[in-house]
>>> print(open('model22.pdb').read())   # PDB, C-alpha atoms
ATOM      1  CA  MET A1313      64.684 222.331 135.341
ATOM      2  CA  LYS A1314      67.884 222.798 137.291
ATOM      3  CA  SER A1315      67.462 219.514 139.117
ATOM      4  CA  ASN A1316      66.833 217.804 135.754
ATOM      5  CA  LYS A1317      70.178 219.085 134.532
ATOM      6  CA  GLY A1318      71.832 217.865 137.711
ATOM      7  CA  ARG A1319      70.262 214.458 137.326
ATOM      8  CA  ARG A1320      71.466 214.227 133.727
ATOM      9  CA  ARG A1321      74.971 215.110 134.841
ATOM     10  CA  SER A1322      74.906 212.481 137.562
ATOM     11  CA  LEU A1323      73.706 209.960 134.994
ATOM     12  CA  THR A1324      76.557 210.887 132.662
ATOM     13  CA  LEU A1325      79.011 210.406 135.499
ATOM     14  CA  LEU A1326      77.466 207.056 136.384
ATOM     15  CA  PHE A1327      77.732 206.001 132.730
ATOM     16  CA  LEU A1328      81.392 206.991 132.809
ATOM     17  CA  VAL A1329      81.942 204.876 135.916
ATOM     18  CA  ALA A1330      80.232 201.915 134.240
ATOM     19  CA  MET A1331      82.504 202.337 131.205
ATOM     20  CA  LEU A1332      85.570 202.462 133.447
ATOM     21  CA  VAL A1333      84.564 199.316 135.286
ATOM     22  CA  ALA A1334      83.794 197.599 131.972
ATOM     23  CA  GLY A1335      87.238 198.692 130.741
ATOM     24  CA  CYS A1336      88.854 196.896 133.663
ATOM     25  CA  ALA A1337      86.810 193.784 133.222
ATOM     26  CA  THR A1338      88.242 192.225 130.053
ATOM     27  CA  THR A1339      89.401 188.791 131.105
ATOM     28  CA  HIS A1340      89.532 186.083 128.471
ATOM     29  CA  ASP A1341      92.162 187.789 126.281
ATOM     30  CA  ARG A1342      94.575 187.513 129.217
ATOM     31  CA  LEU A1343      95.235 183.883 128.336
ATOM     32  CA  LEU A1344      97.672 184.955 125.654
ATOM     33  CA  ASP A1345      98.360 188.397 127.198
ATOM     34  CA  MET A1346      98.364 190.104 123.842
ATOM     35  CA  ASP A1347      98.337 193.661 125.195
ATOM     36  CA  THR A1348     102.107 194.277 125.011
ATOM     37  CA  SER A1349     104.568 193.819 122.225
ATOM     38  CA  GLN A1350     105.929 190.293 122.718
ATOM     39  CA  VAL A1351     109.227 191.014 120.979
ATOM     40  CA  GLN A1352     109.908 194.080 123.095
ATOM     41  CA  LEU A1353     109.038 192.260 126.314
ATOM     42  CA  ARG A1354     111.215 189.303 125.388
ATOM     43  CA  SER A1355     114.256 191.523 124.929
ATOM     44  CA  VAL A1356     113.611 193.180 128.317
ATOM     45  CA  GLN A1357     113.369 189.776 130.004
ATOM     46  CA  THR A1358     116.360 188.132 128.312
ATOM     47  CA  ARG A1359     120.143 188.373 128.584
ATOM     48  CA  ALA A1360     122.971 186.243 127.179
ATOM     49  CA  PHE A1361     126.030 185.156 129.165
ATOM     50  CA  ASP A1362     129.373 183.974 127.779
ATOM     51  CA  THR A1363     129.296 180.531 129.372
ATOM     52  CA  THR A1364     128.002 177.078 128.484
ATOM     53  CA  ASP A1365     127.838 175.779 132.060
ATOM     54  CA  LYS A1366     124.086 175.400 132.528
ATOM     55  CA  GLU A1367     124.295 173.985 136.050
ATOM     56  CA  LYS A1368     126.518 176.793 137.319
ATOM     57  CA  THR A1369     124.273 179.390 135.682
ATOM     58  CA  MET A1370     121.138 177.922 137.227
ATOM     59  CA  ARG A1371     122.808 177.726 140.639
ATOM     60  CA  ALA A1372     123.746 181.404 140.282
ATOM     61  CA  VAL A1373     120.141 182.256 139.377
ATOM     62  CA  ILE A1374     118.922 180.343 142.449
ATOM     63  CA  ALA A1375     121.439 182.106 144.735
ATOM     64  CA  THR A1376     120.404 185.488 143.294
ATOM     65  CA  LEU A1377     116.715 184.778 143.815
ATOM     66  CA  GLN A1378     117.441 183.706 147.398
ATOM     67  CA  ASP A1379     119.281 186.974 147.989
ATOM     68  CA  LEU A1380     116.142 188.724 146.733
ATOM     69  CA  ASP A1381     114.046 186.869 149.377
ATOM     70  CA  PHE A1382     112.515 184.363 146.980
ATOM     71  CA  ILE A1383     111.651 180.765 147.777
ATOM     72  CA  ILE A1384     112.356 178.235 145.037
ATOM     73  CA  ASP A1385     109.155 176.345 144.208
ATOM     74  CA  ARG A1386     110.306 174.259 141.262
ATOM     75  CA  ALA A1387     113.613 173.562 139.572
ATOM     76  CA  ASP A1388     114.623 171.271 136.729
ATOM     77  CA  LEU A1389     118.159 171.209 135.390
ATOM     78  CA  THR A1390     117.334 169.077 132.336
ATOM     79  CA  LEU A1391     114.697 171.512 131.140
ATOM     80  CA  GLY A1392     116.569 174.527 132.481
ATOM     81  CA  VAL A1393     113.436 175.836 134.174
ATOM     82  CA  LEU A1394     112.799 177.167 137.643
ATOM     83  CA  SER A1395     109.993 179.008 139.427
ATOM     84  CA  ALA A1396     110.162 181.007 142.632
ATOM     85  CA  THR A1397     107.867 183.145 144.773
ATOM     86  CA  LYS A1398     108.302 186.049 147.141
ATOM     87  CA  ALA A1399     105.151 185.947 149.226
ATOM     88  CA  SER A1400     105.794 189.231 151.048
ATOM     89  CA  ALA A1401     105.786 191.160 147.751
ATOM     90  CA  MET A1402     103.233 188.963 145.926
ATOM     91  CA  LEU A1403     105.851 188.255 143.266
ATOM     92  CA  ARG A1404     106.226 185.084 141.249
ATOM     93  CA  VAL A1405     108.944 184.500 138.666
ATOM     94  CA  THR A1406     109.909 181.823 136.174
ATOM     95  CA  VAL A1407     113.449 181.627 134.814
ATOM     96  CA  THR A1408     114.558 179.590 131.825
ATOM     97  CA  VAL A1409     118.160 178.897 130.872
ATOM     98  CA  ARG A1410     118.942 177.567 127.405
ATOM     99  CA  PRO A1411     121.869 177.511 124.977
ATOM    100  CA  ARG A1412     122.360 180.292 122.462
ATOM    101  CA  GLY A1413     124.762 179.140 119.774
ATOM    102  CA  ASP A1414     127.810 177.165 120.922
ATOM    103  CA  THR A1415     129.336 179.667 123.298
ATOM    104  CA  GLN A1416     126.497 181.341 125.163
ATOM    105  CA  LEU A1417     123.566 180.679 127.453
ATOM    106  CA  MET A1418     120.382 182.688 127.377
ATOM    107  CA  VAL A1419     118.627 183.516 130.636
ATOM    108  CA  ARG A1420     115.030 184.671 130.483
ATOM    109  CA  ILE A1421     112.971 185.737 133.476
ATOM    110  CA  ASN A1422     109.343 186.712 133.577
ATOM    111  CA  ALA A1423     107.611 188.068 136.647
ATOM    112  CA  GLN A1424     104.064 188.348 137.873
ATOM    113  CA  HIS A1425     103.050 190.835 140.548
ATOM    114  CA  GLY A1426      99.770 190.021 142.253
ATOM    115  CA  LEU A1427      97.432 189.377 139.341
ATOM    116  CA  ASN A1428      99.410 191.250 136.706
ATOM    117  CA  PRO A1429     102.379 190.483 134.473
ATOM    118  CA  VAL A1430     105.379 192.746 135.042
ATOM    119  CA  THR A1431     106.099 194.685 131.834
ATOM    120  CA  ASP A1432     108.170 197.495 133.327
ATOM    121  CA  PRO A1433     111.873 197.075 132.281
ATOM    122  CA  LYS A1434     113.361 198.384 135.561
ATOM    123  CA  PRO A1435     112.736 195.321 137.807
ATOM    124  CA  TYR A1436     114.247 193.073 135.113
ATOM    125  CA  GLN A1437     117.313 195.328 134.860
ATOM    126  CA  ASN A1438     117.677 195.109 138.636
ATOM    127  CA  PHE A1439     117.516 191.332 138.506
ATOM    128  CA  PHE A1440     120.168 191.031 135.805
ATOM    129  CA  ALA A1441     122.423 193.482 137.649
ATOM    130  CA  ALA A1442     122.238 191.186 140.692
ATOM    131  CA  LEU A1443     122.750 188.072 138.546
ATOM    132  CA  GLU A1444     125.836 189.575 136.873
ATOM    133  CA  ARG A1445     127.398 189.909 140.314
ATOM    134  CA  ALA A1446     126.613 186.319 141.223
ATOM    135  CA  MET A1447     127.931 184.972 137.902
ATOM    136  CA  PHE A1448     131.019 187.230 137.683
ATOM    137  CA  LEU A1449     130.032 187.631 134.025
ATOM    138  CA  GLU A1450     128.598 190.410 131.938
ATOM    139  CA  ALA A1451     124.988 190.128 130.808
ATOM    140  CA  HIS A1452     124.622 190.889 127.103
ATOM    141  CA  GLN A1453     121.503 192.396 125.628
ATOM    142  CA  VAL A1454     119.800 190.068 123.145
ATOM    143  CA  ASP A1455     117.941 191.430 120.113
TER     144      ASP A1455
ATOM    145  CA  MET B1489      73.771 219.699 148.809
ATOM    146  CA  LEU B1490      72.674 216.185 147.958
ATOM    147  CA  HIS B1491      73.801 216.695 144.345
ATOM    148  CA  PHE B1492      77.200 217.768 145.556
ATOM    149  CA  THR B1493      77.558 214.684 147.678
ATOM    150  CA  VAL B1494      76.435 212.412 144.849
ATOM    151  CA  ARG B1495      78.748 214.117 142.397
ATOM    152  CA  TYR B1496      81.790 213.972 144.660
ATOM    153  CA  THR B1497      81.139 210.386 145.625
ATOM    154  CA  THR B1498      80.870 209.424 141.956
ATOM    155  CA  LEU B1499      84.028 211.353 141.115
ATOM    156  CA  LEU B1500      85.903 209.714 143.967
ATOM    157  CA  PHE B1501      84.679 206.345 142.766
ATOM    158  CA  CYS B1502      85.935 207.161 139.245
ATOM    159  CA  VAL B1503      89.364 208.028 140.620
ATOM    160  CA  VAL B1504      89.516 204.844 142.679
ATOM    161  CA  CYS B1505      88.517 202.786 139.615
ATOM    162  CA  LEU B1506      91.182 204.454 137.515
ATOM    163  CA  MET B1507      93.787 203.888 140.221
ATOM    164  CA  ALA B1508      92.841 200.236 140.446
ATOM    165  CA  CYS B1509      93.353 199.935 136.690
ATOM    166  CA  MET B1510      96.675 201.695 136.822
ATOM    167  CA  ALA B1511      98.071 199.886 139.884
ATOM    168  CA  LYS B1512      99.677 197.302 137.604
ATOM    169  CA  ASN B1513     103.278 198.191 138.061
ATOM    170  CA  ILE B1514     105.482 196.954 140.832
ATOM    171  CA  PRO B1515     107.814 199.298 142.701
ATOM    172  CA  GLU B1516     110.957 200.112 140.709
ATOM    173  CA  GLU B1517     113.282 198.764 143.395
ATOM    174  CA  ALA B1518     111.653 195.319 143.227
ATOM    175  CA  LEU B1519     114.172 192.618 142.326
ATOM    176  CA  ALA B1520     117.055 194.890 143.377
ATOM    177  CA  LEU B1521     119.593 193.753 145.977
ATOM    178  CA  LYS B1522     119.246 195.588 149.273
ATOM    179  CA  GLN B1523     121.715 196.299 152.058
ATOM    180  CA  GLU B1524     120.027 193.771 154.327
ATOM    181  CA  SER B1525     120.368 191.011 151.700
ATOM    182  CA  LEU B1526     123.942 190.210 152.678
ATOM    183  CA  GLN B1527     123.099 190.145 156.375
ATOM    184  CA  GLN B1528     120.154 187.820 155.732
ATOM    185  CA  ARG B1529     122.384 185.572 153.634
ATOM    186  CA  GLN B1530     124.832 185.248 156.529
ATOM    187  CA  ILE B1531     122.099 184.359 159.002
ATOM    188  CA  GLN B1532     120.584 181.779 156.662
ATOM    189  CA  THR B1533     123.799 180.120 155.444
ATOM    190  CA  ARG B1534     126.351 177.686 156.896
ATOM    191  CA  ARG B1535     129.339 175.966 155.320
ATOM    192  CA  PHE B1536     129.950 172.229 155.736
ATOM    193  CA  GLU B1537     133.145 170.358 154.951
ATOM    194  CA  THR B1538     131.869 167.584 152.738
ATOM    195  CA  ALA B1539     131.806 166.841 149.021
ATOM    196  CA  ASP B1540     128.589 164.821 149.305
ATOM    197  CA  GLU B1541     125.757 167.142 148.324
ATOM    198  CA  ALA B1542     123.138 164.382 148.275
ATOM    199  CA  ARG B1543     123.951 163.487 151.882
ATOM    200  CA  ILE B1544     123.355 167.088 152.993
ATOM    201  CA  LEU B1545     120.038 167.260 151.143
ATOM    202  CA  ALA B1546     118.908 163.904 152.537
ATOM    203  CA  ALA B1547     119.757 165.068 156.056
ATOM    204  CA  CYS B1548     117.800 168.302 155.450
ATOM    205  CA  ALA B1549     114.819 166.309 154.164
ATOM    206  CA  SER B1550     114.683 164.092 157.242
ATOM    207  CA  LEU B1551     115.266 167.058 159.543
ATOM    208  CA  LEU B1552     112.359 168.940 157.937
ATOM    209  CA  GLN B1553     110.256 165.811 158.265
ATOM    210  CA  ASP B1554     111.162 165.669 161.974
ATOM    211  CA  ILE B1555     109.759 169.159 162.469
ATOM    212  CA  GLY B1556     106.551 168.363 160.619
ATOM    213  CA  PHE B1557     107.177 169.598 157.089
ATOM    214  CA  SER B1558     106.085 167.815 153.918
ATOM    215  CA  ILE B1559     108.460 167.867 150.976
ATOM    216  CA  ASP B1560     107.020 169.696 147.953
ATOM    217  CA  GLU B1561     109.898 169.777 145.495
ATOM    218  CA  THR B1562     113.394 168.361 145.119
ATOM    219  CA  GLU B1563     115.987 168.756 142.380
ATOM    220  CA  ILE B1564     119.181 167.167 143.566
ATOM    221  CA  LYS B1565     121.167 168.245 140.485
ATOM    222  CA  LEU B1566     120.672 171.878 141.498
ATOM    223  CA  GLY B1567     120.650 171.359 145.262
ATOM    224  CA  VAL B1568     117.037 172.457 145.697
ATOM    225  CA  LEU B1569     114.604 171.211 148.343
ATOM    226  CA  THR B1570     111.290 172.886 149.236
ATOM    227  CA  ALA B1571     108.918 171.857 152.013
ATOM    228  CA  SER B1572     105.828 173.257 153.682
ATOM    229  CA  LYS B1573     103.415 172.716 156.563
ATOM    230  CA  TYR B1574      99.925 173.949 157.354
ATOM    231  CA  ARG B1575      99.354 174.868 160.973
ATOM    232  CA  SER B1576      97.080 176.825 163.317
ATOM    233  CA  ALA B1577      97.829 180.534 163.650
ATOM    234  CA  GLN B1578      95.495 181.217 166.550
ATOM    235  CA  ASP B1579      96.932 183.585 169.101
ATOM    236  CA  GLY B1580      95.279 184.001 172.517
ATOM    237  CA  LYS B1581      96.278 187.667 172.792
ATOM    238  CA  GLN B1582      94.903 188.511 169.369
ATOM    239  CA  ILE B1583      91.596 186.752 170.095
ATOM    240  CA  ALA B1584      91.242 188.643 173.393
ATOM    241  CA  ALA B1585      91.936 191.969 171.649
ATOM    242  CA  ALA B1586      89.441 191.127 168.900
ATOM    243  CA  VAL B1587      86.725 190.330 171.468
ATOM    244  CA  VAL B1588      87.332 193.622 173.311
ATOM    245  CA  LEU B1589      87.231 195.611 170.054
ATOM    246  CA  MET B1590      84.103 193.786 168.927
ATOM    247  CA  VAL B1591      82.320 194.722 172.179
ATOM    248  CA  LEU B1592      83.482 198.348 171.944
ATOM    249  CA  LEU B1593      82.877 198.919 168.225
ATOM    250  CA  GLY B1594      80.101 196.427 167.580
ATOM    251  CA  VAL B1595      81.740 195.088 164.388
ATOM    252  CA  PRO B1596      83.359 191.690 163.935
ATOM    253  CA  ILE B1597      87.170 191.852 163.943
ATOM    254  CA  PRO B1598      88.970 189.221 161.828
ATOM    255  CA  ILE B1599      91.351 186.935 163.684
ATOM    256  CA  ASP B1600      94.158 184.757 162.331
ATOM    257  CA  THR B1601      93.261 181.081 162.128
ATOM    258  CA  SER B1602      95.763 179.182 159.975
ATOM    259  CA  GLN B1603      99.149 179.511 158.336
ATOM    260  CA  THR B1604     101.233 177.869 155.640
ATOM    261  CA  MET B1605     104.922 177.803 156.541
ATOM    262  CA  THR B1606     107.430 177.161 153.787
ATOM    263  CA  ALA B1607     111.059 176.118 154.083
ATOM    264  CA  SER B1608     113.451 176.295 151.172
ATOM    265  CA  VAL B1609     116.876 174.633 151.315
ATOM    266  CA  VAL B1610     119.514 175.266 148.674
ATOM    267  CA  THR B1611     123.004 173.737 148.641
ATOM    268  CA  ARG B1612     125.827 175.195 146.599
ATOM    269  CA  PRO B1613     129.417 174.020 146.095
ATOM    270  CA  ILE B1614     132.145 176.410 147.208
ATOM    271  CA  GLY B1615     135.242 176.625 145.029
ATOM    272  CA  GLU B1616     136.122 174.653 141.909
ATOM    273  CA  ASP B1617     137.140 171.442 143.728
ATOM    274  CA  ARG B1618     133.714 171.164 145.427
ATOM    275  CA  LYS B1619     135.143 170.144 148.806
ATOM    276  CA  TYR B1620     132.815 172.415 150.744
ATOM    277  CA  TYR B1621     129.119 173.049 150.442
ATOM    278  CA  ALA B1622     127.150 176.063 151.555
ATOM    279  CA  VAL B1623     123.642 175.329 152.817
ATOM    280  CA  ARG B1624     121.110 178.128 152.801
ATOM    281  CA  VAL B1625     117.680 177.756 154.351
ATOM    282  CA  THR B1626     114.849 180.294 154.107
ATOM    283  CA  PHE B1627     111.583 180.247 156.041
ATOM    284  CA  GLU B1628     108.450 182.225 155.241
ATOM    285  CA  ARG B1629     104.781 182.051 156.081
ATOM    286  CA  ILE B1630     101.365 183.095 154.818
ATOM    287  CA  VAL B1631      98.713 183.628 157.497
ATOM    288  CA  TYR B1632      94.961 183.319 156.833
ATOM    289  CA  ASP B1633      92.185 184.870 158.929
ATOM    290  CA  ASP B1634      88.772 183.438 159.851
ATOM    291  CA  ARG B1635      87.279 184.793 156.600
ATOM    292  CA  GLY B1636      89.789 182.727 154.610
ATOM    293  CA  LEU B1637      91.648 185.852 153.477
ATOM    294  CA  ILE B1638      95.395 186.352 153.654
ATOM    295  CA  SER B1639      96.236 188.566 156.627
ATOM    296  CA  LYS B1640     100.018 188.374 156.537
ATOM    297  CA  ARG B1641     102.790 187.316 154.152
ATOM    298  CA  GLU B1642     106.240 187.461 155.649
ATOM    299  CA  SER B1643     109.771 186.142 155.589
ATOM    300  CA  LEU B1644     110.754 184.708 158.964
ATOM    301  CA  THR B1645     113.917 186.551 159.900
ATOM    302  CA  ASP B1646     114.535 185.658 163.558
ATOM    303  CA  PRO B1647     118.184 184.423 163.655
ATOM    304  CA  ARG B1648     117.347 181.949 166.463
ATOM    305  CA  MET B1649     115.209 179.858 164.094
ATOM    306  CA  TYR B1650     118.126 179.509 161.698
ATOM    307  CA  GLN B1651     120.598 178.762 164.490
ATOM    308  CA  GLY B1652     118.298 176.046 165.762
ATOM    309  CA  PHE B1653     117.935 174.532 162.304
ATOM    310  CA  PHE B1654     121.682 174.441 161.659
ATOM    311  CA  GLU B1655     122.440 173.009 165.107
ATOM    312  CA  LYS B1656     120.110 170.105 164.342
ATOM    313  CA  LEU B1657     121.551 169.699 160.833
ATOM    314  CA  SER B1658     125.066 169.714 162.199
ATOM    315  CA  LYS B1659     124.180 166.892 164.594
ATOM    316  CA  ALA B1660     122.489 164.870 161.837
ATOM    317  CA  LEU B1661     125.505 165.183 159.548
ATOM    318  CA  PHE B1662     128.130 164.712 162.308
ATOM    319  CA  LEU B1663     129.786 167.803 160.813
ATOM    320  CA  GLU B1664     130.513 171.222 162.176
ATOM    321  CA  ALA B1665     128.506 174.126 160.719
ATOM    322  CA  HIS B1666     130.802 177.043 159.885
ATOM    323  CA  GLU B1667     129.585 180.576 159.371
ATOM    324  CA  ILE B1668     130.349 181.981 155.951
TER     325      ILE B1668
END
>>> encode(input="model22.pdb", output="structure tokens")
Amino acid sequence: MKSNKGRRRSLTLLFLVAMLVAGCATTHDRLLDMDTSQVQLRSVQTRAFDTTDKEKTMRAVIATLQDLDFIIDRADLTLGVLSATKASAMLRVTVTVRPRGDTQLMVRINAQHGLNPVTDPKPYQNFFAALERAMFLEAHQVD
Amino acid sequence: MLHFTVRYTTLLFCVVCLMACMAKNIPEEALALKQESLQQRQIQTRRFETADEARILAACASLLQDIGFSIDETEIKLGVLTASKYRSAQDGKQIAAAVVLMVLLGVPIPIDTSQTMTASVVTRPIGEDRKYYAVRVTFERIVYDDRGLISKRESLTDPRMYQGFFEKLSKALFLEAHEI
């Protein structure tokens, strides 16, 4: 009787494990990564700078990423897009620079760590703090 | 006794599963400038007295080609050039150690077999009149073992490599490389 109870408990635990594994294993909905609020994430990843010099801004982004041990994989001034990786930390980022109105440029960065998107605000704040120093300009929060 | 073992193993497994699910976030200090950043920048950067950015990048491209790299990406308008090469990573000492360990422990020990080395060159004008250009080069590598798995990812930080690169670049450009 006692061993029956034990067996049932083990089975319950096993079921729990199976549920946990199943919980980890959702994959196809990651195409559009719908699990976080897009608006909230966008505001964490974006800042506006009071300049219209796209080339200078992109060069500052590149210099900042180099200071952070990144290697630039792709860069395109016309599109205002660049991608970089930091192999030692399994980090990959894409930065886009585009105009916001007539007086500002908007810089957006999104990062991937290993297999996961970075949704934590702190690393993005760190990046913009470093970029502010390279640009000698203040980074404004964008709503 | 057996039940205990089963139960604890299952519990441990649960915890590991949960941890794997939660290990999504990167360390908070990621993407933050560190003390060593400035030092690294100095090692990896030289200043050249020329206003011709394209000439510097072309010299870098042929220099990288000389040392066996293939060019992966260029964007001259932003002064970006990225190159890589795929080479053997076999190390006699490591193989010997692996053989000794295999004999002692009876389990196969993975050894490094290949590596991808990447070089990234970025040029940047100094000052508003663009009379000087700073050239920064960064090397890193990813090493694979005999199972095809990544065994090492690292930035190459030995100052001698950078000195060697800039000496060659200086000769190719007929210009002196100044420290920043």
>>> interface_residues(input="model22.pdb", of="chain B", to="chain A", cutoff="6 Å", atoms="only C-alpha atoms", output="PyMOL selection string")
chain B and resi 1502+1516+1518-1520+1525+1608+1641-1642
>>> resolve_selection(input="model22.pdb", expression="the PyMOL selection byres ((chain A and resi 1451) around 12)", output="ChimeraX atom specification")
/A:1357-1363,1369,1416-1420,1436-1450,1452-1454
>>> atom_distance(input="model22.pdb", atom1="atom CA of Leu1592 of chain B", atom2="atom CA of Ala1577 of chain B")
24.3 Å
>>> resolve_selection(input="model22.pdb", expression="the PyMOL selection byres ((chain B and resi 1599) around 6)", output="JSON, numbers by chain")
{"B": [1598, 1600, 1633, 1634]}
>>> residues_around(input="model22.pdb", residues="segment 1646-1663 of chain B", least_positions_apart="5", cutoff="7 Å", atoms="all atoms listed in the file", output="list in words")
Ile1531, Gln1532, Phe1536, Ala1547, Cys1548 and Leu1551 of chain B
>>> write_last_selection(input="model22.pdb", atoms="C-alpha atoms", output="PDB file, in the frame of the given file")
ATOM      1  CA  ILE B1531     122.099 184.359 159.002  1.00  0.00           C
ATOM      2  CA  GLN B1532     120.584 181.779 156.662  1.00  0.00           C
ATOM      3  CA  PHE B1536     129.950 172.229 155.736  1.00  0.00           C
ATOM      4  CA  ALA B1547     119.757 165.068 156.056  1.00  0.00           C
ATOM      5  CA  CYS B1548     117.800 168.302 155.450  1.00  0.00           C
ATOM      6  CA  LEU B1551     115.266 167.058 159.543  1.00  0.00           C
TER       7      LEU B1551
END
>>> atom_distance(input="model22.pdb", atom1="atom CA of Thr1406 of chain A", atom2="atom CA of Val1568 of chain B")
15.1 Å
>>> resolve_selection(input="model22.pdb", expression="the PyMOL selection byres ((chain B and resi 1632) around 8)", output="NGL selection string")
:B and (1577 or 1600-1603 or 1630-1631 or 1633-1640)
>>> build_atoms(input="model22.pdb", residues="segment 1360-1372 of chain A", atoms="N, CA and C atoms", output="mmCIF file, in the frame of the given file")
data_model
loop_
_atom_site.group_PDB
_atom_site.id
_atom_site.type_symbol
_atom_site.label_atom_id
_atom_site.label_comp_id
_atom_site.auth_asym_id
_atom_site.auth_seq_id
_atom_site.Cartn_x
_atom_site.Cartn_y
_atom_site.Cartn_z
ATOM 1 N N ALA A 1360 122.080 187.353 127.541
ATOM 2 C CA ALA A 1360 122.971 186.243 127.179
ATOM 3 C C ALA A 1360 124.248 186.350 127.991
ATOM 4 N N PHE A 1361 124.776 185.199 128.397
ATOM 5 C CA PHE A 1361 126.030 185.156 129.165
ATOM 6 C C PHE A 1361 127.043 184.298 128.416
ATOM 7 N N ASP A 1362 128.317 184.713 128.482
ATOM 8 C CA ASP A 1362 129.373 183.974 127.779
ATOM 9 C C ASP A 1362 129.815 182.763 128.586
ATOM 10 N N THR A 1363 128.971 181.786 128.699
ATOM 11 C CA THR A 1363 129.296 180.531 129.372
ATOM 12 C C THR A 1363 128.406 179.441 128.794
ATOM 13 N N THR A 1364 128.860 178.173 128.932
ATOM 14 C CA THR A 1364 128.002 177.078 128.484
ATOM 15 C C THR A 1364 127.665 176.166 129.664
ATOM 16 N N ASP A 1365 128.084 176.588 130.868
ATOM 17 C CA ASP A 1365 127.838 175.779 132.060
ATOM 18 C C ASP A 1365 126.426 176.056 132.602
ATOM 19 N N LYS A 1366 125.492 175.204 132.176
ATOM 20 C CA LYS A 1366 124.086 175.400 132.528
ATOM 21 C C LYS A 1366 123.844 175.261 134.032
ATOM 22 N N GLU A 1367 124.504 174.238 134.620
ATOM 23 C CA GLU A 1367 124.295 173.985 136.050
ATOM 24 C C GLU A 1367 124.771 175.177 136.880
ATOM 25 N N LYS A 1368 125.958 175.677 136.569
ATOM 26 C CA LYS A 1368 126.518 176.793 137.319
ATOM 27 C C LYS A 1368 125.631 178.042 137.166
ATOM 28 N N THR A 1369 125.138 178.236 135.945
ATOM 29 C CA THR A 1369 124.273 179.390 135.682
ATOM 30 C C THR A 1369 122.982 179.279 136.488
ATOM 31 N N MET A 1370 122.387 178.085 136.482
ATOM 32 C CA MET A 1370 121.138 177.922 137.227
ATOM 33 C C MET A 1370 121.356 178.062 138.730
ATOM 34 N N ARG A 1371 122.502 177.567 139.208
ATOM 35 C CA ARG A 1371 122.808 177.726 140.639
ATOM 36 C C ARG A 1371 123.002 179.202 140.985
ATOM 37 N N ALA A 1372 123.578 179.959 140.052
ATOM 38 C CA ALA A 1372 123.746 181.404 140.282
ATOM 39 C C ALA A 1372 122.387 182.108 140.293
#
